[in-house]
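K.L.:
This is run.pdb, which holds PDB, C-alpha atoms:
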ATOM      1  CA  MET A   1      96.883  72.162  49.316
ATOM      2  CA  ARG A   2      99.380  71.853  52.184
ATOM      3  CA  GLU A   3     102.237  73.020  49.973
ATOM      4  CA  LEU A   4     100.243  76.067  48.957
ATOM      5  CA  VAL A   5      99.788  77.266  52.541
ATOM      6  CA  ALA A   6     102.948  75.893  54.137
ATOM      7  CA  GLU A   7     104.897  78.455  56.126
ATOM      8  CA  THR A   8     108.036  76.370  56.280
ATOM      9  CA  ARG A   9     109.547  74.165  53.630
ATOM     10  CA  LEU A  10     112.233  71.662  54.420
ATOM     11  CA  HIS A  11     114.679  70.552  51.760
ATOM     12  CA  VAL A  12     117.567  68.087  51.831
ATOM     13  CA  THR A  13     119.993  71.021  51.528
ATOM     14  CA  ASP A  14     118.670  72.292  54.891
ATOM     15  CA  LEU A  15     119.805  69.161  56.721
ATOM     16  CA  VAL A  16     122.920  68.620  58.820
ATOM     17  CA  ALA A  17     123.867  64.940  59.022
ATOM     18  CA  PRO A  18     125.242  63.774  62.389
ATOM     19  CA  LEU A  19     128.180  61.404  61.907
ATOM     20  CA  PHE A  20     130.335  59.543  64.411
ATOM     21  CA  VAL A  21     133.998  58.603  63.966
ATOM     22  CA  ARG A  22     135.755  56.304  66.420
ATOM     23  CA  GLU A  23     139.470  55.966  66.918
ATOM     24  CA  GLY A  24     140.985  52.488  67.024
ATOM     25  CA  ILE A  25     138.379  50.434  65.153
ATOM     26  CA  SER A  26     138.987  48.585  61.898
ATOM     27  CA  GLU A  27     135.398  48.518  60.620
ATOM     28  CA  PRO A  28     132.234  50.525  61.301
ATOM     29  CA  GLN A  29     130.438  49.627  64.522
ATOM     30  CA  PRO A  30     126.680  49.993  65.075
ATOM     31  CA  ILE A  31     125.465  52.282  67.854
ATOM     32  CA  VAL A  32     122.937  50.093  69.654
ATOM     33  CA  SER A  33     120.978  53.031  71.094
ATOM     34  CA  LEU A  34     120.680  54.650  67.624
ATOM     35  CA  PRO A  35     119.393  52.014  65.187
ATOM     36  CA  GLY A  36     120.871  52.418  61.719
ATOM     37  CA  VAL A  37     123.661  54.735  62.923
ATOM     38  CA  MET A  38     127.313  53.695  62.869
ATOM     39  CA  GLN A  39     130.565  54.732  64.485
ATOM     40  CA  HIS A  40     132.806  55.052  61.438
ATOM     41  CA  THR A  41     136.449  54.450  60.719
ATOM     42  CA  LEU A  42     138.243  57.225  58.848
ATOM     43  CA  ALA A  43     137.796  55.304  55.583
ATOM     44  CA  SER A  44     134.117  54.514  56.045
ATOM     45  CA  LEU A  45     133.455  58.076  57.200
ATOM     46  CA  GLU A  46     134.766  59.505  53.940
ATOM     47  CA  GLN A  47     132.593  57.105  51.946
ATOM     48  CA  GLU A  48     129.523  58.040  54.018
ATOM     49  CA  VAL A  49     130.158  61.745  53.406
ATOM     50  CA  ARG A  50     130.436  61.127  49.661
ATOM     51  CA  GLU A  51     127.113  59.252  49.698
ATOM     52  CA  LEU A  52     125.451  62.070  51.632
ATOM     53  CA  LYS A  53     126.756  64.600  49.123
ATOM     54  CA  ASP A  54     125.322  62.523  46.275
ATOM     55  CA  LEU A  55     121.948  62.629  48.060
ATOM     56  CA  GLY A  56     122.112  66.425  48.259
ATOM     57  CA  VAL A  57     123.151  66.860  51.901
ATOM     58  CA  LYS A  58     125.468  69.868  52.171
ATOM     59  CA  ALA A  59     126.543  69.777  55.849
ATOM     60  CA  ILE A  60     127.683  67.340  58.520
ATOM     61  CA  ILE A  61     128.386  67.559  62.228
ATOM     62  CA  LEU A  62     131.094  65.214  63.410
ATOM     63  CA  PHE A  63     131.119  63.539  66.814
ATOM     64  CA  GLY A  64     134.436  61.939  67.694
ATOM     65  CA  VAL A  65     135.105  59.013  69.999
ATOM     66  CA  PRO A  66     138.804  59.068  70.940
ATOM     67  CA  ALA A  67     140.640  55.959  72.105
ATOM     68  CA  ALA A  68     141.676  57.700  75.327
ATOM     69  CA  LYS A  69     140.129  60.511  77.352
ATOM     70  CA  ASP A  70     141.451  62.627  80.187
ATOM     71  CA  GLU A  71     140.055  65.127  82.670
ATOM     72  CA  ILE A  72     141.023  68.177  80.579
ATOM     73  CA  GLY A  73     139.786  66.938  77.213
ATOM     74  CA  SER A  74     143.240  67.175  75.638
ATOM     75  CA  GLY A  75     142.047  65.277  72.563
ATOM     76  CA  ALA A  76     140.018  68.352  71.645
ATOM     77  CA  PHE A  77     143.158  70.380  70.951
ATOM     78  CA  ASP A  78     145.464  67.595  69.760
ATOM     79  CA  PRO A  79     146.255  68.138  66.047
ATOM     80  CA  GLN A  80     146.265  64.335  65.686
ATOM     81  CA  GLY A  81     142.962  63.865  67.514
ATOM     82  CA  ILE A  82     140.373  61.753  65.719
ATOM     83  CA  VAL A  83     138.054  64.681  64.952
ATOM     84  CA  GLN A  84     140.853  66.908  63.691
ATOM     85  CA  VAL A  85     142.258  64.174  61.453
ATOM     86  CA  ALA A  86     138.790  63.312  60.139
ATOM     87  CA  LEU A  87     137.944  66.950  59.380
ATOM     88  CA  ARG A  88     141.194  67.449  57.462
ATOM     89  CA  GLN A  89     140.594  64.246  55.499
ATOM     90  CA  ILE A  90     137.019  65.191  54.584
ATOM     91  CA  LYS A  91     138.040  68.743  53.672
ATOM     92  CA  ALA A  92     140.782  67.394  51.392
ATOM     93  CA  ALA A  93     138.340  65.012  49.713
ATOM     94  CA  MET A  94     135.299  67.300  49.463
ATOM     95  CA  GLY A  95     136.731  70.797  49.281
ATOM     96  CA  ASP A  96     134.023  73.408  49.729
ATOM     97  CA  ASP A  97     131.230  71.027  48.682
ATOM     98  CA  MET A  98     130.453  70.108  52.295
ATOM     99  CA  VAL A  99     130.041  72.328  55.365
ATOM    100  CA  LEU A 100     131.912  70.731  58.268
ATOM    101  CA  MET A 101     130.972  71.158  61.924
ATOM    102  CA  ALA A 102     132.349  69.407  64.985
ATOM    103  CA  ASP A 103     131.033  68.693  68.444
ATOM    104  CA  LEU A 104     133.135  69.055  71.559
ATOM    105  CA  CYS A 105     131.902  66.643  74.187
ATOM    106  CA  VAL A 106     133.844  66.531  77.443
ATOM    107  CA  ASP A 107     131.059  65.226  79.681
ATOM    108  CA  GLU A 108     132.113  61.579  79.816
TER     109      GLU A 108
END
As a first step, turn the structure in this file into structure tokens.

P.N.:
Amino acid sequence: MRELVAETRLHVTDLVAPLFVREGISEPQPIVSLPGVMQHTLASLEQEVRELKDLGVKAIILFGVPAAKDEIGSGAFDPQGIVQVALRQIKAAMGDDMVLMADLCVDE
């Protein structure tokens, strides 16, 4: 009955998966405050995106953790910044099969 009268339907293709990529680590690291969520390496990030695609997820938002930060957030416009490198790598691997978004966080 609920499906019959539901105003909103949520489907896996409506989801945006939040993913974290960290510069300077050799294997994925758990985020203690987010159980089950990892900070990925570039290699593990690509594998995670492939698994999400296989599950039907069509979009990700990428949060980057650079090795170094400064007061002007220069990593945000560095072509070799961790987010920029990760986005190029995922785009090359996935083409147009995945919508890519990125977060710019300069509050730390």

K.L.:
Using the chain letters and numbers from the file, which residues does the PyMOL selection byres ((chain A and resi 44) around 12) grab, as a list in words?

P.N.:
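So the PyMOL selection byres ((chain A and resi 44) around 12), applied here, picks out Leu19, Phe20, Val21, Arg22, Ile25, Ser26, Glu27, Pro28, Gln29, Met38, Gln39, His40, Thr41, Leu42, Ala43, Leu45, Glu46, Gln47, Glu48, Val49, Arg50, Glu51, Ala86, Gln89 and Ile90 of chain A.
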
K.L.:
With the file shown as input, list the residues that the PyMOL selection byres ((chain A and resi 14) around 12) selects, as a list in words.

P.N.:
Thr8, Arg9, Leu10, His11, Val12, Thr13, Leu15, Val16, Ala17, Gly56, Val57, Lys58, Ala59, Ile60 and Val99 of chain A

K.L.:
Pick out the closest residue to A:Gln80 from this set: A:Glu3, A:Leu34, A:Ala92, A:Pro66. Count all atoms listed in the file.

P.N.:
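Going through A:Glu3, A:Leu34, A:Ala92, A:Pro66 one by one, the smallest distance to A:Gln80 is for A:Pro66.
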
K.L.:
Point out the residue among A:Glu71, A:Leu87, A:Pro18, A:Lys53 with the least atom-to-atom distance to A:Val37, counting all atoms listed in the file.

P.N.:
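Looking at the shortest contact to A:Val37, the residue is A:Pro18.
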
K.L.:
Report the distance between atom CA of A:Cys105 and atom CA of A:Glu23 in Å, rounded to one decimal place.

P.N.:
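About the pair atom CA of A:Cys105 and atom CA of A:Glu23: they are 15.0 Å apart.
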
K.L.:
Go ahead and compute the interatomic distance for atom CA of A:Leu55 and atom CA of A:Met98, in Å to one decimal.

P.N.:
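One can read the atom CA of A:Leu55 to atom CA of A:Met98 distance as 12.1 Å.
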
K.L.:
Put the listed atoms of stretch 45-62 of chain A in a box along x, y and z with 6 Å added on every side and give me the centre and edge lengths in Å to one decimal, as JSON.

P.N.:
{"center_x": 128.4, "center_y": 63.5, "center_z": 54.8, "size_x": 24.8, "size_y": 24.8, "size_z": 29.1}

K.L.:
By how many Å are atom CA of A:Ile31 and atom CA of A:Leu62 apart?

P.N.:
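Answer for the atom CA of A:Ile31 to atom CA of A:Leu62 separation: 14.8 Å.
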